[in-house]
Amino acid sequence: MKWTSLNDLRESFLSFFESKGHLRMPSFSLIPNNDKSLLLINSGMAPMKKYFTGEEVPPRTRVCTCQKCIRTPDLERVGHTARHGTYFEMLGNFSFGDYFKNEAIPWAWEFLTVTLEIPAELLWPSVYEKDDEAYAIWRDKIGVPENHIVKLGKADNFWEHGSGPCGPCSEIYFDRGIKYGCGSPDCKPGCDCDRFMEIWNNVFSQFNNDGNGNYTELAQKNIDTGMGLERLACVLQGVDNLFEVDTVRCILDTACEIAGKSYGADKKHDVSIRVVTDHIRSATFMIADGVIPSNEGRGYVLRRILRRACRHGKLLGINRMFLEELCRVVISQNENAYPELKAKYDYILKVVRLEEERFNATIDAGLGILGGIIDTAVAEGKTVISGEDAFKLYDTFGFPIDLTREIAEEKGLSIDEDAFVGLMNEQKARARAARGNISGWSDSSKSLLENLPATEFLGYESLECKGKILSVFVDNEAVDTVSEGECTLVTDKTVFYGEGGGQVGDTGNIWLGDTELTVLDTKKTNGIYLHECRVENGSVRLGDEVLLTVNAARRSAIKRNHSAAHLLQSALRTVLGTHVEQAGSYVDEHRVRFDFTHLSAMTAEELSRVEAIVNENILRAEGCSTAETDIASARAMGAMALFGEKYGEVVRVVKIGHSSTELCGGTHVSSTGEIGLFKIISETSVAAGVRRIEGTTGLGVLTLLEEKQQIINETASALKVPNPNAIARKAESVQSELKATKRELESANARLAEIKTESLLSAIKPVGKFLLLTATVEVKPDAARALCDSVKAKHPNGVAVLAVVNDGKLNFVAAAGKDAVAAGAHCGNILREVSAVTGGKGGGRPDSAMSGGRDIDKIDEALKKAEEILAAL
């Protein structure tokens, strides 16, 4: 057994199974594709579930992968032990109805004992206690002694998850040695001690569970293998845990260098070092796969991980930005196996940097408030922090509840989780109410469509067709005929595009002789097109053959905007980087709205470049083509897919010129020249990490230009400029005049203030050791402070106390010269008592202070209090 690096181990495994006829597949994204049961991929098998269930056809019946995985149920435990981590890689070889136990077991043994040269005597297989077939293969075919094969029960060696495919497992354990054992002479796999470490698990999916404990043999038997890469590296490198593995240790050592700490010297510091090391690995890979920090879903997982790393960095004494530096190490250690890390290098660093900046901006205030809450709870003998306090920290300071919980637990406190959840639910309910109801047909209405066939869509090739009416609906009820008002028609064929993929539905007309219906909108559900109509005259009934005609001018405008959206995405990726991905879109006859992933507002230069690239592609008048094919062929053509979108067996590829190839079911121009021109109207923020561009094309640009010209003309008229081209010069002239007028006004106000100050200073009088000025002024507080400062400057032993009334509010300001302060005057103390007379409070420094008041009727009494205080000194 020789020392092997983690990266070499990964390559060794994949190459070995390639030699056994397996297709080496790249790791799937950490973001599950069309699987709402998972936030993040957490096992090697998870992204291939549909291959096992038969819902999708695998690219080959034998495949092998090294899958990136994230698990966060034990997030709070990460760091406290060396066993727990959130990120890991899972090696796997899979068979979909191809080979079974007679091949899987020998190959596992060959890889471990021959390729990796692990001594056979250190390996112990386990089998399900009723799996005689696997037991016989280990004993008779591999030659493992019976006293080295362990039979375990269903809890340990049988994989199932409710009803569906299931089967026995056969695991392979590595014997770490007596020093890790419990000392029992009967110690073997299955014991609770640390001596035997599972490194390989073969799941033999051979049964179907009906959910009632009844098992039947599957016609197609599958192999699902799992082996943790880091765990295997521990064996080959002779280390105790994943943090000691070579690539992970590089990250850990860098964290120690930044913090100026030594790993192993202090238990508390070790916890924080492990947290930072693990979390930056997870964050780097999550960001590379498209996860953006947010307050929901997987984005919240990422935010929790990054902010927990930030906090533990502070516990290590790191008082500067540091996560970006660690990211670089993660990428350098993994970029050969995962090229997406290198491709998105700058983007990953930017996301981490911005999130660390955001957290640093609030953490000190948040930690201070939380510290106060904890101190108060401890002082009052409480053991629970209120849900209201926890929610305030989350809602106001961006503190993840997990971080509040962790810090509280360190002080022996818990959180009122029920109250916190209740407040969170109230907030979500308010958000839902604000969004309103934007759905189409209700579920009960959709049930009326269950027995209807899918509509044949002919709208790509034509804008007119004949179709037979299959259903008529009025007020969500099926009827036979309609002669007035609004209704919904379903026909067997249509040329009307149904709303979908961000494109609005078509409008137009339906004709039957002299009968005319205006189509107000078109929607679709489960392949059935719903024409929402208004009867203009006549009537239609079930079975009628009607003529459907699309509003051609509107469809053309929509096509221009939709094709422009594709060119826009391509241009954005060119200018901003390949991290740009579509996050939503809306296309109608007036505009294109495109949402995309990007972390900061675009500069004017970037917007100009994007707009120029789109228009250059338009002016080339390049052809646009479509093709229907399978998803694998489409991706081989370089087609971009909308992430998370569910595609059928046949997909439509839209290729626009040389710059854009996407999966899309929308309608498009036949040449980019038809778009005419593209103009960006605005660029704004939609959510954290998501930007929005709105633009228009063709006649929409002309309308926009007309609107701009009208504004220019109106401005010229208001400025009394005959030639609109001269408004910029006129605006500069007006601006200069305004500045000059403002300077003159400021000078006049300053002179008036001097006169007023001189008038007030005449009222200054001796009080004991001091000269005191008290007065009520109706100016802004800043002006009152300036007045007090002038007293302080002119009279070193002077004290000024002013009551300031502004917009019905009462404040007090005070100032004292240096000799007055030396003689015992203290403005903060003076105003504390002065304000109290009017029901207010406040204070400040000895030489300057400001406070609030309430009862304006008591100003005279309050100012008299200032005289009493100075007289007593």
# chains A, B, ... in the order shown; residues from 1 in each chain; ligands from 1

$ select_by_dssp --residues "region 292-541 of chain A" --states "strand (DSSP E or B)" --output "mmCIF file with N, CA, C and O atoms, in the first residue's frame"
data_model
loop_
_atom_site.group_PDB
_atom_site.id
_atom_site.type_symbol
_atom_site.label_atom_id
_atom_site.label_comp_id
_atom_site.auth_asym_id
_atom_site.auth_seq_id
_atom_site.Cartn_x
_atom_site.Cartn_y
_atom_site.Cartn_z
ATOM 1 N N VAL A 384 -33.519 30.844 27.966
ATOM 2 C CA VAL A 384 -34.051 30.867 26.598
ATOM 3 C C VAL A 384 -34.047 32.301 26.063
ATOM 4 O O VAL A 384 -34.483 33.233 26.744
ATOM 5 N N ILE A 385 -33.530 32.456 24.842
ATOM 6 C CA ILE A 385 -33.598 33.748 24.137
ATOM 7 C C ILE A 385 -34.924 33.796 23.392
ATOM 8 O O ILE A 385 -35.319 32.833 22.738
ATOM 9 N N SER A 414 -30.701 28.482 24.949
ATOM 10 C CA SER A 414 -31.410 27.998 23.762
ATOM 11 C C SER A 414 -32.271 29.138 23.217
ATOM 12 O O SER A 414 -32.323 30.227 23.794
ATOM 13 N N ILE A 415 -32.956 28.876 22.104
ATOM 14 C CA ILE A 415 -33.806 29.887 21.465
ATOM 15 C C ILE A 415 -35.245 29.394 21.458
ATOM 16 O O ILE A 415 -35.491 28.187 21.306
ATOM 17 N N GLU A 456 -52.532 20.088 -31.626
ATOM 18 C CA GLU A 456 -51.466 20.102 -32.628
ATOM 19 C C GLU A 456 -51.122 21.553 -32.951
ATOM 20 O O GLU A 456 -51.964 22.308 -33.449
ATOM 21 N N PHE A 457 -49.871 21.929 -32.661
ATOM 22 C CA PHE A 457 -49.463 23.318 -32.856
ATOM 23 C C PHE A 457 -48.798 23.479 -34.225
ATOM 24 O O PHE A 457 -47.819 22.801 -34.536
ATOM 25 N N GLU A 464 -52.120 30.882 -39.893
ATOM 26 C CA GLU A 464 -53.542 30.627 -40.145
ATOM 27 C C GLU A 464 -53.757 29.142 -40.356
ATOM 28 O O GLU A 464 -52.973 28.470 -41.019
ATOM 29 N N CYS A 465 -54.839 28.616 -39.763
ATOM 30 C CA CYS A 465 -55.168 27.206 -39.978
ATOM 31 C C CYS A 465 -56.641 26.972 -39.629
ATOM 32 O O CYS A 465 -57.289 27.816 -39.003
ATOM 33 N N LYS A 466 -57.145 25.824 -40.043
ATOM 34 C CA LYS A 466 -58.487 25.416 -39.656
ATOM 35 C C LYS A 466 -58.387 24.432 -38.504
ATOM 36 O O LYS A 466 -57.475 23.604 -38.452
ATOM 37 N N GLY A 467 -59.358 24.529 -37.598
ATOM 38 C CA GLY A 467 -59.357 23.633 -36.455
ATOM 39 C C GLY A 467 -60.769 23.321 -36.005
ATOM 40 O O GLY A 467 -61.701 24.114 -36.218
ATOM 41 N N LYS A 468 -60.921 22.166 -35.388
ATOM 42 C CA LYS A 468 -62.228 21.724 -34.900
ATOM 43 C C LYS A 468 -62.353 22.038 -33.417
ATOM 44 O O LYS A 468 -61.436 21.747 -32.630
ATOM 45 N N ILE A 469 -63.482 22.645 -33.024
ATOM 46 C CA ILE A 469 -63.695 22.982 -31.609
ATOM 47 C C ILE A 469 -63.973 21.708 -30.817
ATOM 48 O O ILE A 469 -64.929 20.982 -31.096
ATOM 49 N N LEU A 470 -63.099 21.439 -29.820
ATOM 50 C CA LEU A 470 -63.251 20.251 -28.981
ATOM 51 C C LEU A 470 -63.940 20.570 -27.658
ATOM 52 O O LEU A 470 -64.595 19.699 -27.074
ATOM 53 N N SER A 471 -63.775 21.794 -27.171
ATOM 54 C CA SER A 471 -64.389 22.178 -25.892
ATOM 55 C C SER A 471 -64.656 23.674 -25.870
ATOM 56 O O SER A 471 -63.902 24.460 -26.462
ATOM 57 N N VAL A 472 -65.746 24.042 -25.167
ATOM 58 C CA VAL A 472 -66.080 25.447 -24.945
ATOM 59 C C VAL A 472 -66.304 25.619 -23.449
ATOM 60 O O VAL A 472 -67.059 24.847 -22.837
ATOM 61 N N PHE A 473 -65.654 26.634 -22.865
ATOM 62 C CA PHE A 473 -65.802 26.883 -21.436
ATOM 63 C C PHE A 473 -66.257 28.319 -21.209
ATOM 64 O O PHE A 473 -65.746 29.253 -21.833
ATOM 65 N N VAL A 474 -67.230 28.464 -20.321
ATOM 66 C CA VAL A 474 -67.691 29.789 -19.893
ATOM 67 C C VAL A 474 -67.726 29.784 -18.375
ATOM 68 O O VAL A 474 -68.394 28.933 -17.767
ATOM 69 N N GLU A 477 -67.001 26.530 -16.653
ATOM 70 C CA GLU A 477 -67.973 25.448 -16.862
ATOM 71 C C GLU A 477 -67.994 25.087 -18.347
ATOM 72 O O GLU A 477 -67.947 25.951 -19.228
ATOM 73 N N ALA A 478 -68.057 23.777 -18.618
ATOM 74 C CA ALA A 478 -68.129 23.321 -20.007
ATOM 75 C C ALA A 478 -69.538 23.546 -20.548
ATOM 76 O O ALA A 478 -70.535 23.230 -19.886
ATOM 77 N N VAL A 479 -69.634 24.123 -21.765
ATOM 78 C CA VAL A 479 -70.928 24.360 -22.413
ATOM 79 C C VAL A 479 -70.848 23.862 -23.862
ATOM 80 O O VAL A 479 -69.767 23.580 -24.380
ATOM 81 N N THR A 481 -72.396 25.591 -26.534
ATOM 82 C CA THR A 481 -72.378 26.706 -27.478
ATOM 83 C C THR A 481 -72.204 28.015 -26.737
ATOM 84 O O THR A 481 -72.481 28.097 -25.530
ATOM 85 N N VAL A 482 -71.716 29.049 -27.445
ATOM 86 C CA VAL A 482 -71.544 30.364 -26.848
ATOM 87 C C VAL A 482 -71.848 31.405 -27.915
ATOM 88 O O VAL A 482 -71.462 31.263 -29.081
ATOM 89 N N GLU A 486 -67.383 36.454 -22.878
ATOM 90 C CA GLU A 486 -66.071 35.838 -22.983
ATOM 91 C C GLU A 486 -66.143 34.343 -22.755
ATOM 92 O O GLU A 486 -67.003 33.855 -22.011
ATOM 93 N N CYS A 487 -65.232 33.612 -23.399
ATOM 94 C CA CYS A 487 -65.222 32.157 -23.291
ATOM 95 C C CYS A 487 -63.809 31.656 -23.573
ATOM 96 O O CYS A 487 -62.922 32.416 -23.958
ATOM 97 N N THR A 488 -63.612 30.366 -23.358
ATOM 98 C CA THR A 488 -62.339 29.711 -23.679
ATOM 99 C C THR A 488 -62.623 28.568 -24.639
ATOM 100 O O THR A 488 -63.490 27.726 -24.360
ATOM 101 N N LEU A 489 -61.889 28.529 -25.754
ATOM 102 C CA LEU A 489 -62.065 27.480 -26.757
ATOM 103 C C LEU A 489 -60.828 26.605 -26.811
ATOM 104 O O LEU A 489 -59.699 27.098 -26.721
ATOM 105 N N VAL A 490 -61.061 25.296 -27.001
ATOM 106 C CA VAL A 490 -59.985 24.343 -27.261
ATOM 107 C C VAL A 490 -60.265 23.719 -28.620
ATOM 108 O O VAL A 490 -61.371 23.218 -28.862
ATOM 109 N N THR A 491 -59.264 23.779 -29.490
ATOM 110 C CA THR A 491 -59.409 23.184 -30.828
ATOM 111 C C THR A 491 -58.381 22.075 -31.003
ATOM 112 O O THR A 491 -57.402 21.994 -30.249
ATOM 113 N N LYS A 493 -56.384 21.737 -33.539
ATOM 114 C CA LYS A 493 -55.178 22.321 -34.121
ATOM 115 C C LYS A 493 -55.196 23.825 -33.848
ATOM 116 O O LYS A 493 -56.265 24.430 -33.689
ATOM 117 N N THR A 494 -54.003 24.426 -33.829
ATOM 118 C CA THR A 494 -53.948 25.878 -33.641
ATOM 119 C C THR A 494 -52.661 26.441 -34.206
ATOM 120 O O THR A 494 -51.654 25.722 -34.332
ATOM 121 N N GLY A 500 -45.654 30.657 -22.617
ATOM 122 C CA GLY A 500 -44.694 29.708 -22.058
ATOM 123 C C GLY A 500 -43.286 30.101 -22.419
ATOM 124 O O GLY A 500 -43.046 30.804 -23.405
ATOM 125 N N GLN A 503 -42.477 33.767 -23.081
ATOM 126 C CA GLN A 503 -43.135 34.467 -24.187
ATOM 127 C C GLN A 503 -44.636 34.509 -23.953
ATOM 128 O O GLN A 503 -45.252 33.502 -23.592
ATOM 129 N N GLY A 508 -55.467 37.396 -31.729
ATOM 130 C CA GLY A 508 -55.905 37.367 -33.123
ATOM 131 C C GLY A 508 -57.406 37.156 -33.213
ATOM 132 O O GLY A 508 -58.162 37.667 -32.382
ATOM 133 N N ASN A 509 -57.839 36.342 -34.196
ATOM 134 C CA ASN A 509 -59.266 36.119 -34.392
ATOM 135 C C ASN A 509 -59.571 34.670 -34.743
ATOM 136 O O ASN A 509 -58.724 33.956 -35.286
ATOM 137 N N ILE A 510 -60.797 34.255 -34.406
ATOM 138 C CA ILE A 510 -61.333 32.963 -34.827
ATOM 139 C C ILE A 510 -62.614 33.251 -35.608
ATOM 140 O O ILE A 510 -63.485 34.004 -35.148
ATOM 141 N N TRP A 511 -62.718 32.651 -36.797
ATOM 142 C CA TRP A 511 -63.836 32.936 -37.701
ATOM 143 C C TRP A 511 -64.625 31.672 -38.014
ATOM 144 O O TRP A 511 -64.082 30.581 -38.114
ATOM 145 N N LEU A 512 -65.937 31.857 -38.167
ATOM 146 C CA LEU A 512 -66.834 30.818 -38.687
ATOM 147 C C LEU A 512 -67.874 31.550 -39.530
ATOM 148 O O LEU A 512 -68.885 32.041 -39.011
ATOM 149 N N THR A 515 -69.376 34.797 -38.216
ATOM 150 C CA THR A 515 -69.128 34.803 -36.766
ATOM 151 C C THR A 515 -67.667 35.161 -36.505
ATOM 152 O O THR A 515 -66.757 34.602 -37.124
ATOM 153 N N GLU A 516 -67.467 36.081 -35.567
ATOM 154 C CA GLU A 516 -66.104 36.525 -35.250
ATOM 155 C C GLU A 516 -65.877 36.487 -33.733
ATOM 156 O O GLU A 516 -66.697 36.978 -32.954
ATOM 157 N N LEU A 517 -64.757 35.888 -33.351
ATOM 158 C CA LEU A 517 -64.312 35.908 -31.958
ATOM 159 C C LEU A 517 -62.927 36.535 -31.927
ATOM 160 O O LEU A 517 -62.058 36.203 -32.753
ATOM 161 N N THR A 518 -62.717 37.453 -31.007
ATOM 162 C CA THR A 518 -61.390 38.029 -30.805
ATOM 163 C C THR A 518 -60.650 37.180 -29.776
ATOM 164 O O THR A 518 -61.175 36.951 -28.669
ATOM 165 N N VAL A 519 -59.474 36.714 -30.130
ATOM 166 C CA VAL A 519 -58.645 35.944 -29.185
ATOM 167 C C VAL A 519 -57.830 36.943 -28.371
ATOM 168 O O VAL A 519 -56.968 37.655 -28.898
ATOM 169 N N LEU A 520 -58.133 37.025 -27.083
ATOM 170 C CA LEU A 520 -57.503 37.997 -26.193
ATOM 171 C C LEU A 520 -56.160 37.500 -25.651
ATOM 172 O O LEU A 520 -55.276 38.291 -25.328
ATOM 173 N N ASP A 521 -56.037 36.189 -25.517
ATOM 174 C CA ASP A 521 -54.807 35.598 -24.978
ATOM 175 C C ASP A 521 -54.842 34.103 -25.269
ATOM 176 O O ASP A 521 -55.915 33.533 -25.518
ATOM 177 N N THR A 522 -53.669 33.478 -25.240
ATOM 178 C CA THR A 522 -53.588 32.030 -25.431
ATOM 179 C C THR A 522 -52.673 31.454 -24.367
ATOM 180 O O THR A 522 -51.558 31.940 -24.163
ATOM 181 N N LYS A 523 -53.164 30.428 -23.679
ATOM 182 C CA LYS A 523 -52.369 29.743 -22.666
ATOM 183 C C LYS A 523 -52.330 28.263 -23.007
ATOM 184 O O LYS A 523 -53.072 27.796 -23.875
ATOM 185 N N LYS A 524 -51.448 27.533 -22.323
ATOM 186 C CA LYS A 524 -51.420 26.088 -22.561
ATOM 187 C C LYS A 524 -51.105 25.369 -21.261
ATOM 188 O O LYS A 524 -50.408 25.897 -20.381
ATOM 189 N N THR A 525 -51.655 24.168 -21.146
ATOM 190 C CA THR A 525 -51.378 23.332 -19.985
ATOM 191 C C THR A 525 -51.405 21.883 -20.431
ATOM 192 O O THR A 525 -52.349 21.440 -21.088
ATOM 193 N N ILE A 528 -52.329 21.210 -24.027
ATOM 194 C CA ILE A 528 -53.644 21.671 -24.505
ATOM 195 C C ILE A 528 -53.635 23.195 -24.558
ATOM 196 O O ILE A 528 -53.301 23.867 -23.569
ATOM 197 N N TYR A 529 -53.980 23.761 -25.727
ATOM 198 C CA TYR A 529 -53.961 25.212 -25.915
ATOM 199 C C TYR A 529 -55.340 25.794 -25.624
ATOM 200 O O TYR A 529 -56.359 25.295 -26.123
ATOM 201 N N LEU A 530 -55.361 26.828 -24.791
ATOM 202 C CA LEU A 530 -56.596 27.472 -24.358
ATOM 203 C C LEU A 530 -56.685 28.851 -24.996
ATOM 204 O O LEU A 530 -55.863 29.728 -24.711
ATOM 205 N N HIS A 531 -57.681 29.037 -25.878
ATOM 206 C CA HIS A 531 -57.871 30.325 -26.543
ATOM 207 C C HIS A 531 -58.895 31.133 -25.752
ATOM 208 O O HIS A 531 -60.076 30.766 -25.707
ATOM 209 N N GLU A 532 -58.441 32.193 -25.092
ATOM 210 C CA GLU A 532 -59.342 33.026 -24.301
ATOM 211 C C GLU A 532 -59.938 34.088 -25.234
ATOM 212 O O GLU A 532 -59.205 34.949 -25.755
ATOM 213 N N CYS A 533 -61.248 34.007 -25.437
ATOM 214 C CA CYS A 533 -61.898 34.774 -26.508
ATOM 215 C C CYS A 533 -63.011 35.691 -26.003
ATOM 216 O O CYS A 533 -63.533 35.503 -24.896
ATOM 217 N N ARG A 534 -63.370 36.634 -26.881
ATOM 218 C CA ARG A 534 -64.556 37.450 -26.695
ATOM 219 C C ARG A 534 -65.389 37.355 -27.984
ATOM 220 O O ARG A 534 -64.859 37.578 -29.088
ATOM 221 N N VAL A 535 -66.671 37.004 -27.837
ATOM 222 C CA VAL A 535 -67.547 36.873 -29.003
ATOM 223 C C VAL A 535 -67.935 38.271 -29.477
ATOM 224 O O VAL A 535 -68.526 39.050 -28.737
ATOM 225 N N GLU A 536 -67.576 38.584 -30.740
ATOM 226 C CA GLU A 536 -67.918 39.896 -31.298
ATOM 227 C C GLU A 536 -69.301 39.855 -31.956
ATOM 228 O O GLU A 536 -70.096 40.773 -31.824
ATOM 229 N N ASN A 537 -69.577 38.754 -32.689
ATOM 230 C CA ASN A 537 -70.920 38.545 -33.249
ATOM 231 C C ASN A 537 -71.051 37.090 -33.650
ATOM 232 O O ASN A 537 -70.064 36.387 -33.870
ATOM 233 N N VAL A 540 -70.641 30.033 -31.797
ATOM 234 C CA VAL A 540 -69.928 28.808 -32.165
ATOM 235 C C VAL A 540 -70.363 27.712 -31.204
ATOM 236 O O VAL A 540 -70.824 27.977 -30.087
ATOM 237 N N ARG A 541 -70.190 26.440 -31.651
ATOM 238 C CA ARG A 541 -70.572 25.311 -30.808
ATOM 239 C C ARG A 541 -69.564 24.185 -30.974
ATOM 240 O O ARG A 541 -68.705 24.207 -31.885
#

$ select_by_dssp --residues "region 113-301 of chain A" --states "helix (DSSP H, G or I)" --output "PyMOL selection string"
chain A and resi 113-115+120-122+132-142+146-148+154-157+178-180+229-237+242-244+246-259+267-288+297-301

$ residues_around --residues "His269 (chain A)" --least-positions-apart "2" --cutoff "12 Å" --atoms "only C-alpha atoms" --output "list of chain:residue names"
A:Gly79, A:His80, A:Leu252, A:Ala255, A:Cys256, A:Ala259, A:Gly260, A:Lys261, A:Ser262, A:Tyr263, A:Gly264, A:Ala265, A:Asp266, A:Lys267, A:Val271, A:Ser272, A:Ile273, A:Arg274, A:Val275, A:Val276, A:His312, A:Gly313, A:Lys314, A:Leu315, A:Leu316, A:Gly317, A:Ile318

$ write_last_selection --atoms "N, CA and C atoms" --output "short mmCIF file (atom, residue, chain, number, x, y, z; two decimals), in the first residue's frame"
data_model
loop_
_atom_site.label_atom_id
_atom_site.label_comp_id
_atom_site.auth_asym_id
_atom_site.auth_seq_id
_atom_site.Cartn_x
_atom_site.Cartn_y
_atom_site.Cartn_z
N GLY A 79 -16.51 20.94 12.63
CA GLY A 79 -15.49 21.65 13.38
C GLY A 79 -15.31 21.10 14.77
N HIS A 80 -16.41 20.74 15.41
CA HIS A 80 -16.32 20.22 16.78
C HIS A 80 -15.74 18.81 16.80
N LEU A 252 -6.26 23.97 5.07
CA LEU A 252 -6.15 24.14 6.52
C LEU A 252 -4.88 24.88 6.89
N ALA A 255 -5.22 28.53 6.19
CA ALA A 255 -6.05 29.17 7.22
C ALA A 255 -5.22 29.45 8.47
N CYS A 256 -4.39 28.48 8.86
CA CYS A 256 -3.53 28.67 10.04
C CYS A 256 -2.53 29.80 9.82
N ALA A 259 -4.26 33.12 10.14
CA ALA A 259 -4.65 33.40 11.52
C ALA A 259 -3.46 33.48 12.47
N GLY A 260 -2.30 33.00 12.03
CA GLY A 260 -1.14 32.96 12.92
C GLY A 260 -1.31 31.93 14.03
N LYS A 261 -1.98 30.82 13.71
CA LYS A 261 -2.22 29.75 14.69
C LYS A 261 -1.58 28.45 14.23
N SER A 262 -1.37 27.55 15.18
CA SER A 262 -0.84 26.21 14.87
C SER A 262 -1.93 25.19 15.13
N TYR A 263 -2.21 24.37 14.12
CA TYR A 263 -3.25 23.34 14.28
C TYR A 263 -2.78 22.30 15.28
N GLY A 264 -3.65 21.99 16.24
CA GLY A 264 -3.33 21.01 17.27
C GLY A 264 -2.84 21.62 18.56
N ALA A 265 -2.60 22.94 18.57
CA ALA A 265 -2.07 23.58 19.77
C ALA A 265 -3.17 23.99 20.75
N ASP A 266 -4.38 24.25 20.25
CA ASP A 266 -5.48 24.72 21.09
C ASP A 266 -6.78 24.14 20.57
N LYS A 267 -7.55 23.45 21.41
CA LYS A 267 -8.76 22.77 20.96
C LYS A 267 -9.80 23.73 20.39
N VAL A 271 -11.24 23.89 16.41
CA VAL A 271 -12.64 23.87 15.95
C VAL A 271 -12.84 24.91 14.85
N SER A 272 -12.39 26.13 15.11
CA SER A 272 -12.58 27.21 14.13
C SER A 272 -11.78 26.96 12.87
N ILE A 273 -10.59 26.42 12.98
CA ILE A 273 -9.76 26.12 11.80
C ILE A 273 -10.46 25.10 10.92
N ARG A 274 -11.05 24.08 11.54
CA ARG A 274 -11.76 23.05 10.75
C ARG A 274 -13.02 23.63 10.10
N VAL A 275 -13.74 24.48 10.84
CA VAL A 275 -14.94 25.11 10.27
C VAL A 275 -14.58 25.90 9.01
N VAL A 276 -13.58 26.76 9.12
CA VAL A 276 -13.17 27.60 7.98
C VAL A 276 -12.73 26.73 6.81
N HIS A 312 -16.02 32.30 12.48
CA HIS A 312 -14.93 31.52 13.08
C HIS A 312 -13.57 32.11 12.71
N GLY A 313 -13.50 32.83 11.59
CA GLY A 313 -12.28 33.56 11.29
C GLY A 313 -12.03 34.62 12.34
N LYS A 314 -13.09 35.33 12.76
CA LYS A 314 -12.96 36.34 13.80
C LYS A 314 -12.56 35.70 15.13
N LEU A 315 -13.09 34.51 15.41
CA LEU A 315 -12.71 33.82 16.64
C LEU A 315 -11.23 33.45 16.64
N LEU A 316 -10.67 33.30 15.44
CA LEU A 316 -9.24 33.01 15.32
C LEU A 316 -8.39 34.27 15.35
N GLY A 317 -9.06 35.42 15.45
CA GLY A 317 -8.33 36.68 15.51
C GLY A 317 -8.05 37.29 14.15
N ILE A 318 -8.72 36.78 13.10
CA ILE A 318 -8.53 37.34 11.76
C ILE A 318 -9.45 38.55 11.63
#

$ residues_around --residues "region 148-152 of chain A" --least-positions-apart "6" --cutoff "9 Å" --atoms "only C-alpha atoms" --output "list of chain:residue names"
A:Glu121, A:Leu123, A:Trp124, A:Pro125, A:Ser126, A:Val127, A:Tyr128, A:Glu129, A:Lys130, A:Asp131, A:Tyr135, A:Trp138, A:Arg139, A:Lys188, A:Pro189, A:Gly190

$ atom_distance --atom1 "CA of Asp857 (chain A)" --atom2 "CA of Gly843 (chain A)"
21.1 Å

$ residues_around --residues "Ile618 (chain A)" --least-positions-apart "4" --cutoff "10 Å" --atoms "only C-alpha atoms" --output "PyMOL selection string"
chain A and resi 563-564+567+612-614+622+656-657+671-678

$ residues_around --residues "Thr277 (chain A)" --least-positions-apart "4" --cutoff "10 Å" --atoms "only C-alpha atoms" --output "list in words"
Gly79, Gly85, Phe243, Val248, Arg249, Cys250, Ile251, Leu252, Asp253, Thr254, Ala255, Cys256, Ser272, Ile273, Arg281, Ser282, Ala309, Leu323, Leu326, Cys327 and Val330 of chain A

$ write_last_selection --atoms "C-alpha atoms" --output "PDB file, in the first residue's frame"
ATOM      1  CA  GLY A  79     -15.490  21.653  13.383  1.00  0.00           C
ATOM      2  CA  GLY A  85     -17.728  17.861   6.955  1.00  0.00           C
ATOM      3  CA  PHE A 243      -8.736  17.400   7.399  1.00  0.00           C
ATOM      4  CA  VAL A 248      -7.666  19.591   2.390  1.00  0.00           C
ATOM      5  CA  ARG A 249      -4.563  20.015   4.524  1.00  0.00           C
ATOM      6  CA  CYS A 250      -3.289  22.670   2.083  1.00  0.00           C
ATOM      7  CA  ILE A 251      -6.425  24.716   2.775  1.00  0.00           C
ATOM      8  CA  LEU A 252      -6.148  24.138   6.520  1.00  0.00           C
ATOM      9  CA  ASP A 253      -2.483  25.174   6.599  1.00  0.00           C
ATOM     10  CA  THR A 254      -3.297  28.374   4.691  1.00  0.00           C
ATOM     11  CA  ALA A 255      -6.049  29.173   7.217  1.00  0.00           C
ATOM     12  CA  CYS A 256      -3.531  28.665  10.038  1.00  0.00           C
ATOM     13  CA  SER A 272     -12.576  27.211  14.135  1.00  0.00           C
ATOM     14  CA  ILE A 273      -9.758  26.125  11.802  1.00  0.00           C
ATOM     15  CA  ARG A 281     -14.493  24.074   0.189  1.00  0.00           C
ATOM     16  CA  SER A 282     -18.287  23.794   0.131  1.00  0.00           C
ATOM     17  CA  ALA A 309     -16.726  30.712   8.224  1.00  0.00           C
ATOM     18  CA  LEU A 323     -12.010  33.980   2.525  1.00  0.00           C
ATOM     19  CA  LEU A 326      -8.618  30.507   0.858  1.00  0.00           C
ATOM     20  CA  CYS A 327     -10.803  30.208  -2.260  1.00  0.00           C
ATOM     21  CA  VAL A 330      -9.389  25.415  -3.024  1.00  0.00           C
TER      22      VAL A 330
END

$ closest_residue --among "A:Glu833, A:Glu606, A:Glu380, A:Glu737" --to "Ile869 (chain A)" --atoms "only C-alpha atoms"
A:Glu833

$ atom_distance --atom1 "CA of Ile558 (chain A)" --atom2 "CA of Val587 (chain A)"
6.5 Å
